[in-house]
Amino acid sequence: MLSIEHVDKRFGTRQVLTDVSFDIADGRLTGFVGANGAGKTTAMRIILGVLSSDSGEVCLDGVPLTADDRRRFGYMPEERGLYPKMKIGEQLVYLARLHGLPPASARRNAAELLERLGLGERSGDLVESLSLGNQQRAQIAAALVHDPEFLVLDEPFSGLDPLAVEVVMGVLGSYAARGVPVLFSSHQLDIVERLCDDLVIIAGGEIRANGPRDELRERHSSPRFEIRTGGDAGWVRTVPGVEVLEVNGGFAVFEAQTDAASQSVLRLALERGPVSAFSRQRPSLATIFKEVVQ
Amino acid sequence: MSAPSGDAAQTQHPRHPAPSLGQSVRLVATREILARLRSKAFLISTGILLLISIGSVVAGGIASQNQTLSKVAVVGSAAAQVVRQAGTLAAVEADDVAAAEALVRAGTVTAAIVPAESQAGYPLPLRVIALSGTPLEVVGVLSLRPEVTLLEPSKQGEGLVYLVAIGFGLVFFMSAITFGSTIAQSVVEEKQTRVVEILMTTIPVRALLAGKIVGNSIMAFAQIVAIGLLVSIGMAVTGQHTLLGDIGPSLVWFAVFFAFGFVMLASLFAATASMVSRQEDVGSATSPVLVLVMIPYFLVIFFNDNPTVLSIMSYIPFSAPVGMPMRIFLGTAVWWEPLLSLAILLASTALVILLGSRIYANSLLRMGARVTFREALRG
């Protein structure tokens with residue numbers, strides 16, 4: 001497990017990170033969410049050791065990270081970049097070898113990865129000759145080519161077409177399944193919502209919320225329910241202990257103070273006819289984000 | 001959390017030992033060299049430089065062979081003997097004075113040497129016939145020559161000194177500019193394309209900088225050696241053996257000084273280039289270094305006959321690669337002087353590398369506006 005512990009960072013007079021602490025657990029996808037300028041990239045660069053923190057530490061299983069640990073990290077910076085005039089395959093082999101892989105494994109990894117990302121036939125092409133989406137895929141390959149034991153990806157999905165998003169989600173998922181901790185940031189909250197196991201929300205350089213996704217949802221969900229019935233649902237207004245927020249034909253949204261009240265609505269509805277849906281409204285990540293950040 | 005044990009994760013990833021600093025430097029240097037070798041612009045400019053150097057040697061050889069002796073018509077055995085002894089003129093036998101005159105008028109010979117009509121007032125019984133002006137070359141052969149003592153004999157001819165000065169100056173200037181701007185561009189390319197961020201998380205920044213300097217220095221040095229070899233072979237083939245013997249030692253010293261001098265310049269180019277983020281700004285960022293490269297070039301062309309300027313140049317690290325070989329060629333340097341100058345050059349190179357790597361490391365992640373020297377040094 002990687003722990004970020006009480007990290008502070010200022011650039012000149014600007015405080016960029018304030019007492020930032022969170023954990024990235026083995027085998028879990030951790031989504032890192034925040035507005036532009038919230039400090040995501042700075043935090044990631046500190047984890048990677050490209051920037052040093054003013055105070056605080058980044059520890060792997062309780063021990064401060066060393067340069068040798070970091071060499072086993074895979075990193076995809078937000079600002080994409082590979083050598084434009086170098087062949088993709090060669091470039092991946094070069095990066096893998098800088099990470100310490102022997103030539104044969106470097107070549108094998110590069111070829112396998114390109115194949116998996118759908119770039120198998122482009123291995124001999126120059127990076128600059130690739131479409132933007134394919135350059136993104138190549139970039140992801142560059143972060144993975146040395147079989148990292150830890151992944152840090154800054155906005156891995158930006159600029160990807162929906163097909164590539166699926167491919168990349170699959171790849172990240174398979175890394176997590178192998179036990180690799182994965183930290184990724186994204187603006188696309190719907191993707192984060194689908195993909196991540198844990199969530200870290202940062203605003204103004206401070207961690208605002210942090211924990212397993214479902215727990216966060218639970219914590220931020222209101223006692224709000226939806227029901228969809230056959231006939232008009234206006235009768236829900238008459239149920240005691242229930243405040244109706246919206247009725248639209250057979251569909252109603254209401255708040256129930258107790259579980260008993262919400263269950264009585266369901267029971268009454270079933271007595272009147274078929275119920276096609278009854279659920280507690282879970283806040284979307286976007287809602288939680290707004291709530292937490294404000 | 002629901003994480004598999006660390007051992008399980010590790011069996012998935014065979015651990016490879018971290019590459020040593022040396023290995024990282026080698027990998028970076030190899031990439032730099034391959035990138036250069038694949039660049040058409042580089043191959044073409046190198047080809048042109050090599051062609052120019054071999055061309056100038058061949059042209060020099062042809063010119064020296066075409067320098068045939070001036071022809072003079074001779075009448076009589078006394079005249080023929082004088083010309084033969086002089087060795088700087090070619091004799092064309094003429095039957096009589098009229099025939100000799102005809103040859104002079106026809107322009108076949110520059111002058112004619114014929115027996116004198118009267119010996120009054122002249123020590124030699126010979127007369128020189130020319131068309132419109134006194135042929136000094138011919139008269140010089142026939143003149144009496146007093147003993148001449150030179151207080152500071154020049155080892156090399158003036159024209160040759162000038163050519164060699166231009167040669168050293170130009171080759172240093174061209175190679176330093178070509179490879180200096182190459183390394184500057186490659187630094188900014190990495191910064192502009194942000195690939196540097198990946199590289200920085202993978203290997204130490206000093207390995208990255210060292211690899212770039214080593215790779216480009218090897219290429220620059222290889223070019224210098226190729227030029228030196230071509231020039232030497234060219235001189236040997238075109239029969240300019242004496243010239244080769246004169247220039248040889250200074251060529252070797254030039255290569256040695258260039259090797260270290262270029263490492264210093266390369267560090268400066270890399271450091272100044274790292275302060276900007278776009279290719280368009282490379283020129284203005286590296287212009288102070290360009291001036292440092294240009295000064296020795298102009299100095300050696302204008303002051304190759306000024307011993308004081310050359311002596312100073314031969315000790316200043318930036319101009320030593322041109323100044324010291326020049327003095328060795330002129331024979332004005334004592335044996336220990338190149339060694340002392342080389343020591344100074346090595347010390348300043350080490351210092352420049354230290355400063356340069358600091359600027360480089362502090363500037364790499366600063367995108368956008370140009371980083372000031374103070375920010376870059378302070379970090």
# chains A, B, ... in the order shown; residues from 1 in each chain; ligands from 1
>>> residues_around(residues="B:Glu101", least_positions_apart="4", cutoff="9 Å", atoms="only C-alpha atoms", output="number ranges by chain")
B: 73, 96-97, 105-106, 111-112, 129-131
>>> write_last_selection(atoms="C-alpha atoms", output="PDB file, in the first residue's frame")
ATOM      1  CA  ALA B  73      64.399  31.451 -73.489  1.00  0.00           C
ATOM      2  CA  ASP B  96      69.775  33.083 -81.602  1.00  0.00           C
ATOM      3  CA  VAL B  97      68.758  36.399 -80.075  1.00  0.00           C
ATOM      4  CA  ARG B 105      56.897  38.551 -78.158  1.00  0.00           C
ATOM      5  CA  ALA B 106      54.755  35.456 -78.667  1.00  0.00           C
ATOM      6  CA  ALA B 111      61.820  36.568 -70.721  1.00  0.00           C
ATOM      7  CA  ALA B 112      64.912  35.625 -72.602  1.00  0.00           C
ATOM      8  CA  ILE B 129      65.000  40.631 -72.795  1.00  0.00           C
ATOM      9  CA  ALA B 130      61.425  41.127 -71.660  1.00  0.00           C
ATOM     10  CA  LEU B 131      58.258  42.492 -73.178  1.00  0.00           C
TER      11      LEU B 131
END
>>> select_by_dssp(residues="stretch 221-292 of chain A", states="alpha helix (DSSP H)", output="list in words")
Asp259, Ala260, Ala261, Ser262, Gln263, Ser264, Val265, Leu266, Arg267, Leu268, Ala269, Leu270, Glu271, Arg272, Leu285, Ala286, Thr287, Ile288, Phe289, Lys290, Glu291 and Val292 of chain A
>>> write_last_selection(atoms="C-alpha atoms", output="compact mmCIF listing (two decimals), in the first residue's frame")
# COMPACT_ATOMS: atom_id res chain seq x y z
CA ASP A 259 -37.22 2.88 6.71
CA ALA A 260 -40.71 1.91 7.89
CA ALA A 261 -42.22 4.88 6.06
CA SER A 262 -40.46 4.05 2.78
CA GLN A 263 -41.45 0.39 3.10
CA SER A 264 -45.05 1.32 3.70
CA VAL A 265 -45.06 3.31 0.44
CA LEU A 266 -43.81 0.22 -1.40
CA ARG A 267 -46.40 -2.00 0.30
CA LEU A 268 -49.23 0.36 -0.51
CA ALA A 269 -48.08 0.64 -4.09
CA LEU A 270 -48.00 -3.13 -4.50
CA GLU A 271 -51.56 -3.32 -3.15
CA ARG A 272 -52.66 -0.89 -5.86
CA LEU A 285 -20.31 11.19 -8.36
CA ALA A 286 -20.97 14.58 -9.89
CA THR A 287 -23.42 15.36 -7.10
CA ILE A 288 -21.05 14.20 -4.38
CA PHE A 289 -18.23 16.13 -6.00
CA LYS A 290 -20.26 19.33 -6.04
CA GLU A 291 -21.35 18.82 -2.49
CA VAL A 292 -17.87 18.08 -1.19
>>> residues_around(residues="B:Met313", least_positions_apart="5", cutoff="7 Å", atoms="only C-alpha atoms", output="list in words")
Ser319, Ala320 and Gly323 of chain B
>>> write_last_selection(atoms="C-alpha atoms", output="compact mmCIF listing (two decimals), in the first residue's frame")
# COMPACT_ATOMS: atom_id res chain seq x y z
CA SER B 319 39.28 29.70 -27.69
CA ALA B 320 41.99 27.22 -26.67
CA GLY B 323 44.38 29.03 -30.38
>>> residues_around(residues="A:Val93", least_positions_apart="2", cutoff="7 Å", atoms="only C-alpha atoms", output="short mmCIF file (atom, residue, chain, number, x, y, z; two decimals) with C-alpha atoms, in the first residue's frame")
data_model
loop_
_atom_site.label_atom_id
_atom_site.label_comp_id
_atom_site.auth_asym_id
_atom_site.auth_seq_id
_atom_site.Cartn_x
_atom_site.Cartn_y
_atom_site.Cartn_z
CA GLY A 89 8.10 0.13 -31.01
CA GLU A 90 11.66 1.42 -30.58
CA GLN A 91 10.50 4.10 -28.25
CA LEU A 95 11.79 3.33 -22.17
CA ALA A 96 11.62 -0.25 -20.93
CA ARG A 97 15.40 -0.50 -21.05
CA ALA A 106 11.85 -5.04 -23.39
CA ARG A 107 11.12 -6.07 -26.97
CA ALA A 110 6.58 -3.68 -26.21
#
>>> interface_residues(of="chain A", to="chain B", cutoff="6 Å", atoms="only C-alpha atoms", output="list in words")
Asp26, Gly27, Arg71, Gly81, Leu82, His99, Gly100 and Gly179 of chain A
>>> residues_around(residues="A:Val171", least_positions_apart="2", cutoff="12 Å", atoms="only C-alpha atoms", output="CSV table (one decimal) with C-alpha atoms, in the first residue's frame")
chain,number,residue,atom,x,y,z
A,29,LEU,CA,-8.3,1.5,-8.8
A,113,LEU,CA,1.4,-4.3,-25.3
A,114,LEU,CA,1.1,-2.7,-28.7
A,116,ARG,CA,-3.2,-5.5,-26.8
A,117,LEU,CA,-3.8,-1.8,-27.4
A,118,GLY,CA,-4.6,-2.4,-31.0
A,137,ARG,CA,-2.7,4.6,-26.8
A,140,ILE,CA,-0.5,4.4,-22.2
A,141,ALA,CA,1.8,1.7,-23.6
A,143,ALA,CA,3.5,3.9,-19.0
A,144,LEU,CA,3.0,0.1,-18.9
A,151,LEU,CA,0.5,2.9,-11.8
A,156,PRO,CA,-5.5,8.7,-18.9
A,164,ALA,CA,-10.2,3.3,-26.7
A,165,VAL,CA,-11.7,4.3,-23.3
A,166,GLU,CA,-13.1,0.7,-23.1
A,167,VAL,CA,-9.7,-0.8,-24.1
A,168,VAL,CA,-7.9,1.3,-21.5
A,169,MET,CA,-10.4,0.6,-18.8
A,173,GLY,CA,-8.7,-3.3,-14.6
A,174,SER,CA,-6.4,-6.2,-15.4
A,175,TYR,CA,-3.5,-4.5,-13.8
A,176,ALA,CA,-5.5,-3.9,-10.6
A,177,ALA,CA,-6.7,-7.6,-10.7
A,178,ARG,CA,-3.0,-8.6,-10.6
A,180,VAL,CA,-1.1,-3.5,-8.8
A,182,VAL,CA,-3.6,2.2,-9.7
A,195,LEU,CA,-14.1,2.3,-12.9
>>> atom_distance(atom1="atom CA of B:Leu251", atom2="atom CA of B:Gly228")
6.8 Å
>>> atom_distance(atom1="atom CA of A:Leu153", atom2="atom CA of A:Arg108")
22.8 Å
>>> residues_around(residues="stretch 20-22 of chain A", least_positions_apart="5", cutoff="7 Å", atoms="only C-alpha atoms", output="list in words")
Ser3, Ile4, Glu5, His6, Val7, Asp8, Glu206 and Ile207 of chain A
>>> write_last_selection(atoms="N, CA and C atoms", output="short mmCIF file (atom, residue, chain, number, x, y, z; two decimals), in the first residue's frame")
data_model
loop_
_atom_site.label_atom_id
_atom_site.label_comp_id
_atom_site.auth_asym_id
_atom_site.auth_seq_id
_atom_site.Cartn_x
_atom_site.Cartn_y
_atom_site.Cartn_z
N SER A 3 1.15 5.18 0.83
CA SER A 3 0.48 6.21 1.61
C SER A 3 1.13 7.56 1.36
N ILE A 4 0.28 8.54 1.12
CA ILE A 4 0.74 9.92 1.02
C ILE A 4 0.44 10.52 2.39
N GLU A 5 1.48 11.01 3.06
CA GLU A 5 1.29 11.40 4.46
C GLU A 5 1.63 12.87 4.68
N HIS A 6 0.63 13.65 4.95
CA HIS A 6 0.77 15.06 5.35
C HIS A 6 1.68 15.85 4.42
N VAL A 7 1.42 15.76 3.14
CA VAL A 7 2.28 16.44 2.18
C VAL A 7 1.84 17.89 2.00
N ASP A 8 2.81 18.79 2.13
CA ASP A 8 2.60 20.21 1.85
C ASP A 8 3.49 20.61 0.70
N GLU A 206 -6.55 20.72 -0.87
CA GLU A 206 -6.87 19.93 0.32
C GLU A 206 -7.72 18.74 -0.07
N ILE A 207 -7.52 17.63 0.63
CA ILE A 207 -8.34 16.45 0.37
C ILE A 207 -9.69 16.68 1.04
#
>>> select_by_dssp(residues="stretch 9-155 of chain A", states="strand (DSSP E)", output="VMD selection string")
chain A and resid 9 to 11 14 to 24 29 to 34 55 to 60 63 to 64 73 to 76 150 to 154
>>> write_last_selection(atoms="N, CA and C atoms", output="short mmCIF file (atom, residue, chain, number, x, y, z; two decimals), in the first residue's frame")
data_model
loop_
_atom_site.label_atom_id
_atom_site.label_comp_id
_atom_site.auth_asym_id
_atom_site.auth_seq_id
_atom_site.Cartn_x
_atom_site.Cartn_y
_atom_site.Cartn_z
N LYS A 9 2.99 21.52 -0.12
CA LYS A 9 3.84 22.03 -1.20
C LYS A 9 3.41 23.44 -1.52
N ARG A 10 4.39 24.33 -1.59
CA ARG A 10 4.07 25.68 -2.07
C ARG A 10 5.02 26.05 -3.20
N PHE A 11 4.47 26.79 -4.17
CA PHE A 11 5.29 27.35 -5.25
C PHE A 11 5.38 28.83 -4.96
N ARG A 14 2.43 30.66 -3.29
CA ARG A 14 1.15 29.99 -3.49
C ARG A 14 1.19 28.61 -2.85
N GLN A 15 0.28 28.38 -1.93
CA GLN A 15 0.18 27.07 -1.29
C GLN A 15 -0.59 26.16 -2.24
N VAL A 16 0.06 25.12 -2.75
CA VAL A 16 -0.59 24.26 -3.74
C VAL A 16 -1.20 23.04 -3.09
N LEU A 17 -0.51 22.47 -2.11
CA LEU A 17 -1.04 21.31 -1.39
C LEU A 17 -0.95 21.59 0.11
N THR A 18 -2.02 21.28 0.81
CA THR A 18 -2.04 21.51 2.25
C THR A 18 -2.38 20.20 2.96
N ASP A 19 -1.43 19.67 3.68
CA ASP A 19 -1.63 18.49 4.51
C ASP A 19 -2.38 17.39 3.76
N VAL A 20 -1.86 17.03 2.61
CA VAL A 20 -2.53 16.03 1.78
C VAL A 20 -2.15 14.63 2.26
N SER A 21 -3.15 13.85 2.62
CA SER A 21 -2.92 12.46 3.03
C SER A 21 -3.97 11.57 2.40
N PHE A 22 -3.56 10.52 1.77
CA PHE A 22 -4.49 9.47 1.36
C PHE A 22 -3.70 8.21 1.03
N ASP A 23 -4.43 7.11 0.92
CA ASP A 23 -3.78 5.82 0.65
C ASP A 23 -4.19 5.31 -0.71
N ILE A 24 -3.30 4.56 -1.32
CA ILE A 24 -3.62 3.87 -2.56
C ILE A 24 -3.36 2.39 -2.29
N LEU A 29 -8.37 0.29 -7.92
CA LEU A 29 -8.30 1.46 -8.78
C LEU A 29 -8.76 2.66 -7.96
N THR A 30 -7.86 3.61 -7.79
CA THR A 30 -8.20 4.79 -7.01
C THR A 30 -8.36 5.97 -7.96
N GLY A 31 -9.55 6.55 -7.93
CA GLY A 31 -9.81 7.71 -8.78
C GLY A 31 -9.46 8.98 -8.04
N PHE A 32 -8.79 9.89 -8.75
CA PHE A 32 -8.34 11.14 -8.13
C PHE A 32 -9.08 12.26 -8.85
N VAL A 33 -9.98 12.91 -8.14
CA VAL A 33 -10.88 13.85 -8.80
C VAL A 33 -10.70 15.23 -8.20
N GLY A 34 -10.70 16.22 -9.09
CA GLY A 34 -10.59 17.60 -8.62
C GLY A 34 -10.67 18.53 -9.80
N SER A 55 7.02 19.36 2.94
CA SER A 55 7.03 18.51 4.13
C SER A 55 6.10 17.34 3.86
N GLY A 56 6.16 16.33 4.72
CA GLY A 56 5.35 15.15 4.49
C GLY A 56 6.12 14.11 3.71
N GLU A 57 5.54 12.92 3.59
CA GLU A 57 6.26 11.83 2.97
C GLU A 57 5.34 10.97 2.11
N VAL A 58 5.96 10.25 1.20
CA VAL A 58 5.24 9.24 0.44
C VAL A 58 5.87 7.90 0.83
N CYS A 59 5.07 7.01 1.39
CA CYS A 59 5.62 5.76 1.91
C CYS A 59 5.01 4.56 1.20
N LEU A 60 5.85 3.56 0.99
CA LEU A 60 5.39 2.29 0.46
C LEU A 60 5.44 1.29 1.61
N VAL A 63 7.40 2.52 4.53
CA VAL A 63 8.79 2.94 4.37
C VAL A 63 8.85 4.03 3.29
N PRO A 64 9.54 5.14 3.56
CA PRO A 64 9.61 6.19 2.54
C PRO A 64 10.12 5.65 1.20
N PHE A 73 7.57 2.24 -10.97
CA PHE A 73 6.28 2.89 -11.19
C PHE A 73 6.05 3.06 -12.69
N GLY A 74 4.79 3.06 -13.06
CA GLY A 74 4.45 3.45 -14.42
C GLY A 74 3.76 4.79 -14.34
N TYR A 75 4.17 5.73 -15.17
CA TYR A 75 3.63 7.08 -15.07
C TYR A 75 3.17 7.57 -16.43
N MET A 76 2.00 8.15 -16.44
CA MET A 76 1.53 8.79 -17.66
C MET A 76 1.24 10.24 -17.30
N PHE A 150 3.27 -0.33 -9.89
CA PHE A 150 2.45 0.74 -9.37
C PHE A 150 2.14 1.66 -10.55
N LEU A 151 0.90 2.08 -10.66
CA LEU A 151 0.54 2.92 -11.81
C LEU A 151 0.00 4.26 -11.36
N VAL A 152 0.54 5.33 -11.94
CA VAL A 152 0.03 6.67 -11.70
C VAL A 152 -0.28 7.27 -13.06
N LEU A 153 -1.55 7.54 -13.32
CA LEU A 153 -1.94 8.03 -14.64
C LEU A 153 -2.69 9.33 -14.48
N ASP A 154 -2.14 10.38 -15.10
CA ASP A 154 -2.77 11.69 -15.01
C ASP A 154 -3.68 11.85 -16.23
#
>>> atom_distance(atom1="atom CA of B:Pro123", atom2="atom CA of B:Val148")
21.4 Å
>>> closest_residue(among="B:Ser357, B:Ser250, B:Thr178, B:Asn362", to="B:Gly331", atoms="only C-alpha atoms")
B:Ser250
>>> decode(residues="stretch 193-220 of chain A", atoms="N, CA and C atoms", output="CSV table (one decimal), in the first residue's frame")
chain,number,residue,atom,x,y,z
A,193,GLU,N,-16.6,7.1,-12.0
A,193,GLU,CA,-17.7,6.4,-11.3
A,193,GLU,C,-17.8,4.9,-11.6
A,194,ARG,N,-17.6,4.6,-12.9
A,194,ARG,CA,-17.8,3.3,-13.4
A,194,ARG,C,-16.5,2.4,-13.0
A,195,LEU,N,-15.4,3.1,-13.0
A,195,LEU,CA,-14.1,2.3,-12.9
A,195,LEU,C,-13.6,2.2,-11.5
A,196,CYS,N,-13.6,3.2,-10.7
A,196,CYS,CA,-12.8,3.2,-9.6
A,196,CYS,C,-13.4,2.4,-8.4
A,197,ASP,N,-12.5,1.9,-7.6
A,197,ASP,CA,-12.9,1.3,-6.3
A,197,ASP,C,-12.9,2.3,-5.2
A,198,ASP,N,-11.8,3.1,-5.2
A,198,ASP,CA,-11.7,4.1,-4.2
A,198,ASP,C,-11.7,5.5,-4.8
A,199,LEU,N,-12.0,6.5,-4.0
A,199,LEU,CA,-12.1,7.8,-4.5
A,199,LEU,C,-11.3,8.8,-3.6
A,200,VAL,N,-10.6,9.7,-4.3
A,200,VAL,CA,-10.0,10.8,-3.5
A,200,VAL,C,-10.5,12.1,-4.2
A,201,ILE,N,-11.1,13.0,-3.4
A,201,ILE,CA,-11.5,14.3,-4.0
A,201,ILE,C,-10.7,15.4,-3.4
A,202,ILE,N,-10.1,16.2,-4.3
A,202,ILE,CA,-9.2,17.2,-3.9
A,202,ILE,C,-9.8,18.6,-4.4
A,203,ALA,N,-9.7,19.6,-3.5
A,203,ALA,CA,-10.1,20.9,-3.9
A,203,ALA,C,-9.2,21.9,-3.2
A,204,GLY,N,-8.7,22.9,-4.0
A,204,GLY,CA,-7.9,23.9,-3.4
A,204,GLY,C,-6.7,23.4,-2.6
A,205,GLY,N,-6.2,22.3,-3.1
A,205,GLY,CA,-5.0,21.7,-2.5
A,205,GLY,C,-5.3,20.9,-1.2
A,206,GLU,N,-6.5,20.7,-0.9
A,206,GLU,CA,-6.9,19.9,0.3
A,206,GLU,C,-7.7,18.7,-0.1
A,207,ILE,N,-7.5,17.6,0.6
A,207,ILE,CA,-8.3,16.5,0.4
A,207,ILE,C,-9.7,16.7,1.0
A,208,ARG,N,-10.8,16.6,0.2
A,208,ARG,CA,-12.1,16.9,0.8
A,208,ARG,C,-12.8,15.6,1.1
A,209,ALA,N,-12.6,14.6,0.4
A,209,ALA,CA,-13.2,13.3,0.7
A,209,ALA,C,-12.3,12.2,0.2
A,210,ASN,N,-12.5,11.0,0.8
A,210,ASN,CA,-11.5,10.0,0.5
A,210,ASN,C,-12.0,8.7,1.1
A,211,GLY,N,-12.1,7.7,0.3
A,211,GLY,CA,-12.5,6.4,0.8
A,211,GLY,C,-13.1,5.5,-0.4
A,212,PRO,N,-13.6,4.3,0.0
A,212,PRO,CA,-14.2,3.5,-1.0
A,212,PRO,C,-15.4,4.2,-1.7
A,213,ARG,N,-15.5,4.0,-3.0
A,213,ARG,CA,-16.6,4.7,-3.7
A,213,ARG,C,-18.0,4.5,-3.1
A,214,ASP,N,-18.3,3.2,-2.8
A,214,ASP,CA,-19.6,2.9,-2.3
A,214,ASP,C,-19.9,3.5,-1.0
A,215,GLU,N,-18.8,3.6,-0.1
A,215,GLU,CA,-19.0,4.1,1.2
A,215,GLU,C,-19.3,5.6,1.1
A,216,LEU,N,-18.5,6.3,0.2
A,216,LEU,CA,-18.8,7.7,0.0
A,216,LEU,C,-20.2,8.0,-0.5
A,217,ARG,N,-20.7,7.1,-1.4
A,217,ARG,CA,-22.0,7.3,-1.9
A,217,ARG,C,-23.0,7.2,-0.8
A,218,GLU,N,-22.8,6.1,0.0
A,218,GLU,CA,-23.7,5.9,1.2
A,218,GLU,C,-23.7,7.1,2.1
A,219,ARG,N,-22.5,7.6,2.3
A,219,ARG,CA,-22.4,8.7,3.3
A,219,ARG,C,-23.1,9.9,2.7
A,220,HIS,N,-23.1,10.1,1.4
A,220,HIS,CA,-23.6,11.3,0.9
A,220,HIS,C,-25.1,11.2,0.3
